[in-house]
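Engineer: Contents of input-v6.txt (compact mmCIF, C-alpha atoms and all ligand atoms):
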```
# COMPACT_ATOMS: atom_id res chain seq x y z
CA MET A 274 74.37 126.88 92.65
CA GLU A 275 75.07 130.46 93.65
CA PHE A 276 76.19 131.34 97.14
CA ASN A 277 77.09 134.47 99.00
CA ILE A 278 80.30 135.15 100.83
CA ALA A 279 80.05 137.19 104.01
CA ILE A 280 83.55 138.19 105.08
CA THR A 281 84.49 138.71 108.71
CA ALA A 282 85.42 142.30 109.48
CA LEU A 283 88.43 141.46 111.59
CA PRO A 284 90.47 138.48 110.49
CA GLU A 285 92.03 136.97 113.57
CA ARG A 286 95.03 135.13 112.28
CA VAL A 287 97.13 134.51 115.37
CA VAL A 288 98.95 131.30 114.52
CA THR A 289 102.54 131.55 113.53
CA ASP A 290 103.84 128.07 114.29
CA THR A 291 101.62 124.98 114.06
CA ARG A 292 104.14 122.84 115.96
CA SER A 293 102.83 124.17 119.27
CA LEU A 294 99.14 123.81 118.37
CA PRO A 295 96.92 120.99 119.57
CA PHE A 296 95.48 119.32 116.45
CA GLY A 297 92.23 120.89 115.28
CA LYS A 298 91.85 123.33 118.16
CA VAL A 299 92.20 126.61 116.29
CA PRO A 300 89.75 127.29 113.46
CA THR A 301 90.44 129.70 110.61
CA ASP A 302 88.37 132.91 110.30
CA HIS A 303 85.62 131.50 108.10
CA MET A 304 83.40 128.49 107.58
CA PHE A 305 81.08 127.28 104.87
CA ILE A 306 77.50 126.32 105.64
CA ALA A 307 74.53 125.13 103.57
CA GLU A 308 71.09 123.94 104.66
CA TYR A 309 69.06 121.02 103.39
CA LYS A 310 65.30 121.46 103.63
CA ASP A 311 62.30 120.32 101.60
CA GLY A 312 64.49 118.00 99.56
CA LYS A 313 67.02 120.58 98.38
CA TRP A 314 70.17 122.45 99.38
CA THR A 315 69.63 126.15 100.10
CA ASP A 316 71.25 129.17 101.67
CA ALA A 317 74.84 128.17 100.94
CA ARG A 318 77.22 130.77 102.35
CA ILE A 319 80.65 131.47 103.80
CA THR A 320 80.43 133.22 107.13
CA PRO A 321 82.77 134.14 109.96
CA PHE A 322 83.53 131.03 112.03
CA GLN A 323 80.71 130.87 114.57
CA ASP A 324 78.72 128.62 116.86
CA LEU A 325 75.66 126.83 115.52
CA ASN A 326 72.10 127.38 116.55
CA ILE A 327 70.37 124.00 116.33
CA SER A 328 67.52 122.35 118.17
CA PRO A 329 68.39 120.26 121.24
CA LEU A 330 66.11 117.72 119.57
CA ALA A 331 68.35 117.52 116.47
CA ILE A 332 68.41 113.90 115.28
CA GLY A 333 72.17 114.04 114.67
CA LEU A 334 72.78 114.80 118.35
CA HIS A 335 70.71 111.84 119.56
CA TYR A 336 71.12 109.12 116.96
CA GLY A 337 74.50 109.88 115.44
CA GLN A 338 73.37 110.73 111.94
CA THR A 339 76.63 112.56 111.17
CA VAL A 340 79.31 112.08 108.52
CA PHE A 341 82.64 113.82 107.97
CA GLU A 342 85.73 113.92 105.78
CA GLY A 343 89.31 114.84 106.59
CA MET A 344 91.27 116.61 103.85
CA LYS A 345 94.34 118.79 103.57
CA ALA A 346 95.57 121.78 101.60
CA PHE A 347 99.30 122.30 101.12
CA SER A 348 101.51 125.24 100.39
CA MET A 349 103.40 124.34 97.21
CA GLU A 350 106.97 125.16 96.25
CA ASP A 351 105.79 127.77 93.74
CA GLY A 352 103.62 129.50 96.35
CA LYS A 353 100.32 128.06 95.07
CA ILE A 354 97.88 126.20 97.30
CA ASN A 355 96.97 122.58 96.60
CA ILE A 356 93.89 120.78 97.92
CA PHE A 357 94.92 117.13 97.78
CA ARG A 358 92.64 114.49 96.21
CA MET A 359 89.43 116.50 96.37
CA GLN A 360 87.65 114.08 94.00
CA LYS A 361 88.47 110.95 95.98
CA HIS A 362 87.42 112.59 99.23
CA TYR A 363 84.16 113.72 97.62
CA GLU A 364 83.45 110.17 96.44
CA ARG A 365 84.09 108.72 99.89
CA PHE A 366 81.91 111.44 101.45
CA CYS A 367 79.06 110.38 99.13
CA LYS A 368 79.48 106.72 100.10
CA SER A 369 79.39 107.58 103.79
CA LEU A 370 76.31 109.77 103.26
CA ASP A 371 74.53 106.97 101.39
CA ARG A 372 75.29 104.53 104.22
CA MET A 373 73.87 106.94 106.79
CA CYS A 374 70.76 107.81 104.70
CA MET A 375 71.88 111.42 104.33
CA PRO A 376 71.52 113.59 101.22
CA ARG A 377 74.50 113.92 98.92
CA VAL A 378 75.96 117.37 98.35
CA PRO A 379 76.25 118.22 94.63
CA GLN A 380 79.86 117.93 93.55
CA ASN A 381 80.01 121.49 92.19
CA LEU A 382 78.80 122.85 95.53
CA PHE A 383 81.35 120.75 97.43
CA ASN A 384 84.22 121.82 95.14
CA GLU A 385 83.28 125.47 94.90
CA ALA A 386 82.70 125.83 98.64
CA MET A 387 86.08 124.29 99.38
CA HIS A 388 87.85 126.39 96.77
CA GLN A 389 86.31 129.64 98.02
CA LEU A 390 86.89 128.88 101.69
CA VAL A 391 90.52 127.81 101.30
CA HIS A 392 91.18 130.81 99.06
CA LEU A 393 89.61 133.21 101.56
CA ASP A 394 91.53 131.76 104.51
CA SER A 395 94.77 131.17 102.63
CA GLY A 396 96.53 133.50 105.08
CA TRP A 397 96.20 130.66 107.58
CA MET A 398 98.22 128.27 105.45
CA PRO A 399 101.18 127.24 107.62
CA GLY A 400 104.64 127.45 106.14
CA GLU A 401 106.56 124.91 108.25
CA ALA A 402 107.56 121.54 106.82
CA GLU A 403 105.09 118.77 107.76
CA SER A 404 102.27 121.26 108.23
CA SER A 405 99.13 121.92 106.21
CA LEU A 406 95.66 123.37 106.38
CA TYR A 407 93.37 120.62 107.63
CA ILE A 408 89.92 120.78 106.02
CA ARG A 409 86.91 119.19 107.68
CA PRO A 410 83.74 118.91 105.54
CA PHE A 411 80.89 117.41 107.58
CA MET A 412 77.16 116.97 107.75
CA ILE A 413 74.79 116.66 110.66
CA ALA A 414 71.07 115.86 110.83
CA THR A 415 69.39 118.92 112.31
CA GLU A 416 65.71 118.07 112.17
CA GLY A 417 64.38 118.47 115.70
CA ARG A 418 62.57 115.31 116.66
CA ILE A 419 63.21 112.67 119.29
CA GLY A 420 61.44 110.01 117.25
CA VAL A 421 63.93 107.61 115.67
CA LYS A 422 63.79 108.35 111.97
CA ILE A 423 65.87 109.49 109.02
CA ALA A 424 66.06 113.27 109.30
CA GLU A 425 64.66 115.56 106.65
CA GLU A 426 66.86 118.53 107.50
CA TYR A 427 70.66 118.78 107.52
CA LEU A 428 73.54 121.19 107.66
CA PHE A 429 76.59 120.69 105.46
CA MET A 430 79.59 122.62 106.70
CA ILE A 431 83.30 123.01 106.05
CA VAL A 432 85.74 124.27 108.65
CA CYS A 433 89.53 124.52 108.47
CA SER A 434 92.36 124.48 110.97
CA PRO A 435 96.12 124.87 110.52
CA ALA A 436 97.77 121.60 111.46
CA TYR A 437 101.09 119.99 112.17
CA GLN A 438 101.62 116.20 112.23
CA TYR A 439 98.88 114.45 114.17
CA TYR A 440 101.39 112.20 115.90
CA THR A 441 104.73 113.78 116.70
CA ALA A 442 106.51 110.69 118.05
CA PRO A 443 106.61 107.00 117.08
CA LEU A 444 103.62 105.14 118.47
CA LYS A 445 103.20 102.31 120.92
CA VAL A 446 100.12 100.30 119.99
CA LYS A 447 98.38 97.17 121.18
CA VAL A 448 96.51 94.66 119.09
CA GLU A 449 92.95 94.89 120.43
CA THR A 450 91.27 91.53 120.90
CA THR A 451 88.42 92.34 123.28
CA TYR A 452 86.66 95.33 121.76
CA SER A 453 85.76 95.94 118.12
CA ARG A 454 85.56 99.00 115.93
CA ALA A 455 83.28 97.55 113.27
CA ALA A 456 81.65 94.28 112.28
CA ASP A 457 80.71 92.85 108.88
CA GLY A 458 77.65 94.69 107.65
CA GLY A 459 78.21 97.56 110.09
CA THR A 460 79.32 101.10 109.36
CA GLY A 461 83.09 100.48 109.35
CA THR A 462 83.59 101.74 105.81
CA ALA A 463 81.66 104.95 106.46
CA LYS A 464 83.32 107.99 107.97
CA CYS A 465 80.52 108.52 110.45
CA GLY A 466 80.85 110.00 113.91
CA GLY A 467 79.76 106.86 115.76
CA ASN A 468 82.78 104.87 114.58
CA TYR A 469 85.03 107.31 116.41
CA GLY A 470 82.92 107.78 119.54
CA GLY A 471 82.69 104.01 119.95
CA ALA A 472 86.48 103.75 119.83
CA PHE A 473 87.07 106.11 122.75
CA TYR A 474 86.58 103.59 125.55
CA PRO A 475 88.94 100.84 124.27
CA THR A 476 91.47 103.52 123.33
CA GLN A 477 91.25 105.02 126.80
CA LEU A 478 91.90 101.59 128.34
CA ALA A 479 94.89 101.16 126.03
CA ARG A 480 96.21 104.58 127.09
CA GLU A 481 95.94 103.57 130.74
CA GLN A 482 98.15 100.61 129.85
CA GLY A 483 100.77 102.91 128.32
CA PHE A 484 99.79 102.67 124.65
CA ASP A 485 99.02 105.50 122.25
CA GLN A 486 96.55 103.65 120.10
CA VAL A 487 95.03 100.26 119.34
CA ILE A 488 95.17 98.12 116.23
CA TRP A 489 91.66 96.80 115.61
CA THR A 490 91.06 93.21 114.64
CA ASP A 491 88.05 91.57 113.00
CA ALA A 492 84.99 91.59 115.24
CA ARG A 493 84.19 87.91 114.69
CA ASN A 494 87.41 86.17 115.79
CA HIS A 495 89.94 88.92 116.53
CA GLU A 496 92.41 87.11 114.27
CA LEU A 497 92.83 89.54 111.38
CA ILE A 498 94.38 92.99 111.51
CA GLU A 499 91.98 95.71 110.36
CA GLU A 500 93.11 99.28 110.96
CA SER A 501 94.48 101.44 113.72
CA GLY A 502 92.60 104.19 115.53
CA THR A 503 92.41 107.31 113.30
CA MET A 504 94.33 105.67 110.42
CA ASN A 505 94.87 102.60 108.26
CA VAL A 506 97.77 100.36 109.15
CA MET A 507 100.61 99.23 106.88
CA PHE A 508 103.65 96.98 107.23
CA TYR A 509 106.87 96.83 105.29
CA ILE A 510 108.33 93.35 105.54
CA ASN A 511 110.92 91.69 103.27
CA ASP A 512 110.83 94.54 100.73
CA THR A 513 107.04 94.30 100.48
CA LEU A 514 104.43 96.86 101.48
CA ILE A 515 101.57 94.94 103.07
CA THR A 516 98.21 96.25 104.22
CA PRO A 517 94.90 94.62 105.10
CA ALA A 518 92.64 94.44 102.03
CA LEU A 519 89.53 96.58 102.28
CA SER A 520 86.87 94.46 103.90
CA GLY A 521 83.39 95.62 104.80
CA SER A 522 84.73 96.97 108.07
CA ILE A 523 87.86 98.93 107.09
CA LEU A 524 87.88 102.58 106.05
CA ASP A 525 88.96 103.15 102.45
CA GLY A 526 91.70 105.60 103.38
CA VAL A 527 92.76 108.19 100.83
CA THR A 528 96.33 108.26 102.17
CA ARG A 529 96.31 104.44 102.15
CA SER A 530 95.31 104.43 98.50
CA SER A 531 97.84 107.15 97.54
CA LEU A 532 100.72 105.35 99.26
CA LEU A 533 99.85 102.05 97.59
CA ASP A 534 99.86 103.72 94.16
CA ILE A 535 103.09 105.59 94.88
CA ALA A 536 104.77 102.41 96.09
CA ARG A 537 103.68 100.39 93.03
CA GLU A 538 104.97 103.11 90.74
CA ALA A 539 108.30 103.15 92.58
CA GLY A 540 108.63 99.42 91.86
CA ILE A 541 107.88 98.32 95.41
CA LYS A 542 105.99 95.06 95.77
CA VAL A 543 102.56 95.72 97.25
CA GLU A 544 100.20 93.23 98.86
CA GLU A 545 96.63 94.10 99.84
CA ARG A 546 95.43 91.00 101.60
CA GLN A 547 94.34 89.53 104.88
CA VAL A 548 97.02 90.04 107.53
CA SER A 549 96.64 87.77 110.51
CA VAL A 550 97.78 88.53 114.04
CA ALA A 551 99.40 85.07 114.08
CA GLU A 552 101.45 85.86 110.97
CA LEU A 553 102.66 89.08 112.47
CA LYS A 554 103.56 87.42 115.75
CA GLU A 555 105.41 84.65 113.95
CA ALA A 556 107.42 87.18 111.93
CA PHE A 557 108.36 89.10 115.08
CA GLU A 558 109.31 85.86 116.87
CA ALA A 559 111.50 84.87 113.90
CA GLY A 560 113.39 88.17 114.27
CA THR A 561 112.17 89.55 110.94
CA ARG A 562 112.73 93.25 110.41
CA ILE A 563 109.25 94.78 110.42
CA GLU A 564 108.25 98.32 109.71
CA ALA A 565 104.75 99.25 110.82
CA PHE A 566 103.01 102.56 110.38
CA GLY A 567 99.66 104.27 110.33
CA ALA A 568 98.49 105.99 107.15
CA GLY A 569 95.84 108.69 107.24
CA THR A 570 95.10 112.25 106.22
CA ALA A 571 95.80 113.64 109.66
CA ALA A 572 98.48 111.07 110.56
CA VAL A 573 100.14 111.02 107.08
CA VAL A 574 102.75 108.29 107.79
CA ALA A 575 102.91 107.64 111.53
CA PRO A 576 105.74 105.26 112.52
CA ILE A 577 104.87 102.55 115.04
CA GLU A 578 107.72 101.56 117.32
CA ILE A 579 106.06 99.00 119.59
CA ILE A 580 103.27 96.53 118.89
CA ALA A 581 101.90 94.52 121.80
CA ILE A 582 100.29 91.21 120.95
CA GLY A 583 98.78 89.64 124.04
CA ASP A 584 101.27 90.14 126.86
CA LYS A 585 104.33 90.43 124.58
CA SER A 586 105.64 93.67 123.13
CA TYR A 587 107.60 93.65 119.88
CA SER A 588 109.84 96.37 118.46
CA CYS A 589 109.41 97.60 114.92
CA TYR A 590 112.12 99.09 112.74
CA ILE A 591 112.00 102.89 112.84
CA GLN A 592 115.57 103.86 111.84
CA ALA A 593 116.09 106.71 109.38
CA ASP A 594 116.60 104.37 106.39
CA ALA A 595 113.18 102.72 106.84
CA ALA A 596 111.09 102.48 103.66
CA MET A 597 108.11 104.25 105.27
CA TYR A 598 110.01 107.54 105.40
CA ARG A 599 110.79 107.24 101.67
CA LEU A 600 107.11 106.69 100.96
CA LYS A 601 106.20 109.67 103.08
CA THR A 602 108.71 111.87 101.26
CA MET A 603 107.37 110.73 97.88
CA LEU A 604 103.83 111.61 98.97
CA ASN A 605 104.86 114.99 100.36
CA ASP A 606 106.95 115.86 97.31
CA LEU A 607 104.00 115.22 95.04
CA ARG A 608 101.70 117.36 97.18
CA ILE A 609 104.01 120.35 97.25
CA GLY A 610 104.76 120.16 93.54
CA LYS A 611 108.36 118.99 93.89
CA THR A 612 107.61 115.95 91.73
CA PRO A 613 105.06 115.69 88.90
CA ASP A 614 101.42 115.01 89.70
CA ASN A 615 100.83 112.33 87.06
CA HIS A 616 97.44 111.36 88.52
CA SER A 617 95.90 114.84 88.75
CA TRP A 618 95.59 114.43 92.49
CA ASN A 619 96.40 118.07 93.13
CA TYR A 620 93.69 120.73 92.88
CA ILE A 621 95.31 124.13 92.61
CA VAL A 622 93.28 126.86 94.30
C1 LIG B 701 91.76 112.16 109.26
O1 LIG B 701 92.82 111.56 109.18
O2 LIG B 701 91.54 113.16 108.57
C2 LIG B 701 90.72 111.74 110.19
O3 LIG B 701 89.60 112.03 109.94
C3 LIG B 701 91.13 111.01 111.40
C4 LIG B 701 91.05 111.76 112.65
C5 LIG B 701 91.64 113.07 112.78
C6 LIG B 701 89.83 111.50 113.41
```
Could I get this file's structure written as structure tokens?
Structural biologist:
Amino acid sequence: MEFNIAITALPERVVTDTRSLPFGKVPTDHMFIAEYKDGKWTDARITPFQDLNISPLAIGLHYGQTVFEGMKAFSMEDGKINIFRMQKHYERFCKSLDRMCMPRVPQNLFNEAMHQLVHLDSGWMPGEAESSLYIRPFMIATEGRIGVKIAEEYLFMIVCSPAYQYYTAPLKVKVETTYSRAADGGTGTAKCGGNYGGAFYPTQLAREQGFDQVIWTDARNHELIEESGTMNVMFYINDTLITPALSGSILDGVTRSSLLDIAREAGIKVEERQVSVAELKEAFEAGTRIEAFGAGTAAVVAPIEIIAIGDKSYSCYIQADAAMYRLKTMLNDLRIGKTPDNHSWNYIV
């Protein structure tokens, strides 16, 4: 599919240091946009970053027919730019779109749009350690109609924003046993807007209690650990990397999957299985050294220092020799080309 590139007359690059930027607040100069109408994708283009003109009746605004991805591009040691795991993100995007009855974007359009946009805005690539260009592909149902139906018109867009670490300090989290993120058969595995909007209220309550985030548990009994807000959750206990197995209600995180592969290849024992709250509590009570961290594109590896279970708070191990930092370094080294990319995870722009 051919598409035109309209280039903004006055690039506005103003960011010099991502460490002082709120995550996702500053867009780059350009965005990609394509329209879906009459059963096909048309009018694909790169334009200056701009507001949208959509109907107030747009189905996506009323009924949440929206899907997104979170990806990152990195500045490599040799000066090249790497978009990390484009294929895996595309596949997950397709699964989310299928779940939300939205049209898939052809892979060549997705890849080419991303390549062109990142190339064009490569001047925005931050240089500091721990920083990257965050890439947000997303789709929204734009057909204007208040009737509840699957839309017939959509916009697929990609925007970018220079980013530092999502969490800049170790997290205090609580195991959530009242509210749920997703239930069996729900949309938990899809990266759809509603999963995030629905998490705001419980997360706000947790914040009022002094926590940064919640750890979700299964909706049926609140006995099994699922994931944390904005990221998957992992534990390193007795030389073993443990994470909840993907159930129908956990997001298939790309960083989760990369870390598991990297750990296995480094000879670390990995367990993807059910992790119960009771097991975790028992291990804390027994004085076991527990590392806990969030894993996500935005979060990368986010150390957790406190986990509250019921009315008790437990401390996790966050000292500099913790295994999670080694895993994070291995992931970062691969992305910046310091170590070989044996899986072809890196897409060089
Ligand atoms: C990501 O990690 O990319 C996400 O989409 C999570 C978040 C920023 C909402």
Engineer: Take CA of Cys433 in chain A and atom C4 of ligand LIG 701 (chain B) and report the distance between them in Å, one decimal.
Structural biologist: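 One can read the CA of Cys433 in chain A to atom C4 of ligand LIG 701 (chain B) distance as 13.5 Å.
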Engineer: Please tabulate, as a Markdown table, the residues of chain A that come within 10 Å of ligand LIG 701 (chain B), each with its closest pair of atoms and the distance in Å to one decimal, counting all atoms listed in the file and ordering rows by chain, then residue number upward.
Structural biologist:
```
| residue | atom | partner | partner_atom | distance |
| --- | --- | --- | --- | --- |
| A:Phe296 | CA | B:LIG701 | C5 | 8.2 |
| A:Gly297 | CA | B:LIG701 | C5 | 8.2 |
| A:Phe341 | CA | B:LIG701 | O3 | 7.5 |
| A:Glu342 | CA | B:LIG701 | O3 | 6.0 |
| A:Gly343 | CA | B:LIG701 | O2 | 3.4 |
| A:Met344 | CA | B:LIG701 | O2 | 5.9 |
| A:Lys345 | CA | B:LIG701 | O2 | 8.0 |
| A:Tyr407 | CA | B:LIG701 | O2 | 7.7 |
| A:Ile408 | CA | B:LIG701 | O2 | 8.2 |
| A:Arg409 | CA | B:LIG701 | O2 | 7.7 |
| A:Tyr439 | CA | B:LIG701 | C5 | 7.5 |
| A:Lys464 | CA | B:LIG701 | O3 | 7.7 |
| A:Cys465 | CA | B:LIG701 | O3 | 9.7 |
| A:Gly466 | CA | B:LIG701 | C6 | 9.1 |
| A:Asn468 | CA | B:LIG701 | C6 | 9.7 |
| A:Tyr469 | CA | B:LIG701 | C6 | 7.0 |
| A:Gly470 | CA | B:LIG701 | C6 | 10.0 |
| A:Gly502 | CA | B:LIG701 | C6 | 8.1 |
| A:Thr503 | CA | B:LIG701 | C3 | 4.4 |
| A:Met504 | CA | B:LIG701 | O1 | 6.2 |
| A:Asn505 | CA | B:LIG701 | O1 | 9.2 |
| A:Gly526 | CA | B:LIG701 | O1 | 8.4 |
| A:Val527 | CA | B:LIG701 | O1 | 9.0 |
| A:Thr528 | CA | B:LIG701 | O1 | 8.5 |
| A:Ala568 | CA | B:LIG701 | O1 | 8.2 |
| A:Gly569 | CA | B:LIG701 | O1 | 4.6 |
| A:Thr570 | CA | B:LIG701 | O1 | 3.8 |
| A:Ala571 | CA | B:LIG701 | O1 | 3.7 |
| A:Ala572 | CA | B:LIG701 | O1 | 5.8 |
| A:Val573 | CA | B:LIG701 | O1 | 7.6 |
```
Engineer: Extract, using all atoms listed in the file, all DNA, RNA and protein residues at most 8 Å from range 535-547 of chain A, discarding same-chain residues fewer than 6 positions from it, and format them as a list in words.
Structural biologist: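 Residues near the query, excluding close chain neighbours: Leu497, Ile498, Asp512, Thr513, Leu514, Ile515, Thr516, Pro517, Ala518, Leu519, Leu600, Met603 and Leu604 of chain A.
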Engineer: Given the selection you just returned, output its residues as a file containing C-alpha atoms, formatted as a short mmCIF file (atom, residue, chain, number, x, y, z; two decimals), in the frame of the given file.
Structural biologist:
```
data_model
loop_
_atom_site.label_atom_id
_atom_site.label_comp_id
_atom_site.auth_asym_id
_atom_site.auth_seq_id
_atom_site.Cartn_x
_atom_site.Cartn_y
_atom_site.Cartn_z
CA LEU A 497 92.83 89.54 111.38
CA ILE A 498 94.38 92.99 111.51
CA ASP A 512 110.83 94.54 100.73
CA THR A 513 107.04 94.30 100.48
CA LEU A 514 104.43 96.86 101.48
CA ILE A 515 101.57 94.94 103.07
CA THR A 516 98.21 96.25 104.22
CA PRO A 517 94.90 94.62 105.10
CA ALA A 518 92.64 94.44 102.03
CA LEU A 519 89.53 96.58 102.28
CA LEU A 600 107.11 106.69 100.96
CA MET A 603 107.37 110.73 97.88
CA LEU A 604 103.83 111.61 98.97
#
```
Engineer: One decimal, Å: what's the distance from CA of Asp491 in chain A over to CA of Val448 in chain A, could you say?
Structural biologist: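 We find that CA of Asp491 in chain A and CA of Val448 in chain A lie 10.9 Å from each other.
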Engineer: With all atoms listed in the file as the atoms that count, which of A:Ile413, A:Ala331, A:Cys589, A:Ile356 lies nearest to Ala307 in chain A?
Structural biologist: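 Among the listed residues, the smallest separation from Ala307 in chain A belongs to A:Ile413.
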Engineer: By how many Å are CA of Glu558 in chain A and CA of Thr476 in chain A apart?
Structural biologist: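 Atom-to-atom, CA of Glu558 in chain A to CA of Thr476 in chain A, that is 25.9 Å.
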Engineer: Find the spatial neighbours of Phe383 in chain A, counting all atoms listed in the file, within a cut-off of 10 Å - ignore same-chain residues fewer than 2 positions away - and output them as a PyMOL selection string.
Structural biologist: chain A and resi 305+359-360+363+377-381+385-388+410+429-431
Engineer: Out of A:Met412, A:Ile580, A:Ile327, A:Leu428, which residue has the shortest atom-to-atom distance to Glu449 in chain A when counting all atoms listed in the file?
Structural biologist: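 Counting all atoms listed in the file, the residue closest to Glu449 in chain A is A:Ile580.
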Engineer: Counting all atoms listed in the file, which of A:Gly467, A:Gly333, A:Gly400, A:Gly458 gets nearest to Gly417 in chain A?
Structural biologist: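 Using all atoms listed in the file, Gly417 in chain A sits closest to A:Gly333.
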Engineer: Set the distance at 10 Å and use all atoms listed in the file: which residues neighbour Tyr590 in chain A once local chain neighbours fewer than 5 positions away are removed? I'd like the list as a list in words.
Structural biologist: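 Close residues of Tyr590 in chain A: Tyr509, Ile510, Thr561, Arg562, Ile563, Glu564, Ala565, Pro576, Ile577, Glu578, Ile579, Ala595, Ala596 and Met597 of chain A.
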Engineer: Any idea what's packed within 8 Å of Ile280 in chain A, counting all atoms listed in the file, ignoring anything in its chain fewer than 6 positions away? Could you give it as a short mmCIF file (atom, residue, chain, number, x, y, z; two decimals) with C-alpha atoms, in the frame of the given file?
Structural biologist:
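The result, stored in out_8.cif:
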```cif
data_model
loop_
_atom_site.label_atom_id
_atom_site.label_comp_id
_atom_site.auth_asym_id
_atom_site.auth_seq_id
_atom_site.Cartn_x
_atom_site.Cartn_y
_atom_site.Cartn_z
CA HIS A 303 85.62 131.50 108.10
CA ILE A 319 80.65 131.47 103.80
CA THR A 320 80.43 133.22 107.13
CA PRO A 321 82.77 134.14 109.96
#
```
Engineer: Around the point (71.7, 120.6, 121.3) (coordinates from the file), which residues reach within 12 Å if we count only C-alpha atoms? Answer as a list of chain:residue names.
Structural biologist: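 Applying the cut-off with only C-alpha atoms, one gets A:Asp324, A:Leu325, A:Asn326, A:Ile327, A:Ser328, A:Pro329, A:Leu330, A:Ala331, A:Ile332, A:Gly333, A:Leu334, A:His335, A:Ile413, A:Ala414, A:Thr415, A:Glu416, A:Gly417, A:Arg418, A:Ile419.
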Engineer: Of the candidates A:Ala455, A:Val574, A:Ala479, A:Ser531, which shows the shortest atom-to-atom distance to Arg358 in chain A, using only C-alpha atoms?
Structural biologist: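 When distances to Arg358 in chain A are compared using only C-alpha atoms, the smallest one comes from A:Ser531.
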Engineer: Please list, as a count of residues only, the residues that have an atom at most 8 Å away from (76.6, 101.8, 105.9) in the coordinates of this file, counting all atoms listed in the file.
Structural biologist: 10
Engineer: Between A:Phe566, A:Phe347, A:Trp314, A:Tyr620, which has the minimum distance to Met507 in chain A (counting only C-alpha atoms)?
Structural biologist: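 Distance minimum relative to Met507 in chain A lands on A:Phe566.
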Engineer: Which of these, A:Thr450, A:Thr315, A:Ser549, A:Val622, has the shortest distance to His392 in chain A once you count all atoms listed in the file?
Structural biologist: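 Using all atoms listed in the file, the shortest distance to His392 in chain A belongs to A:Val622.
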Engineer: Counting all atoms listed in the file, what is within 10 Å of Cys374 in chain A, bar same-chain residues fewer than 6 positions away, as a list in words?
Structural biologist: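 My list of contacting residues is Gln338, Thr339, Lys368, Ile423 and Ala424 of chain A.
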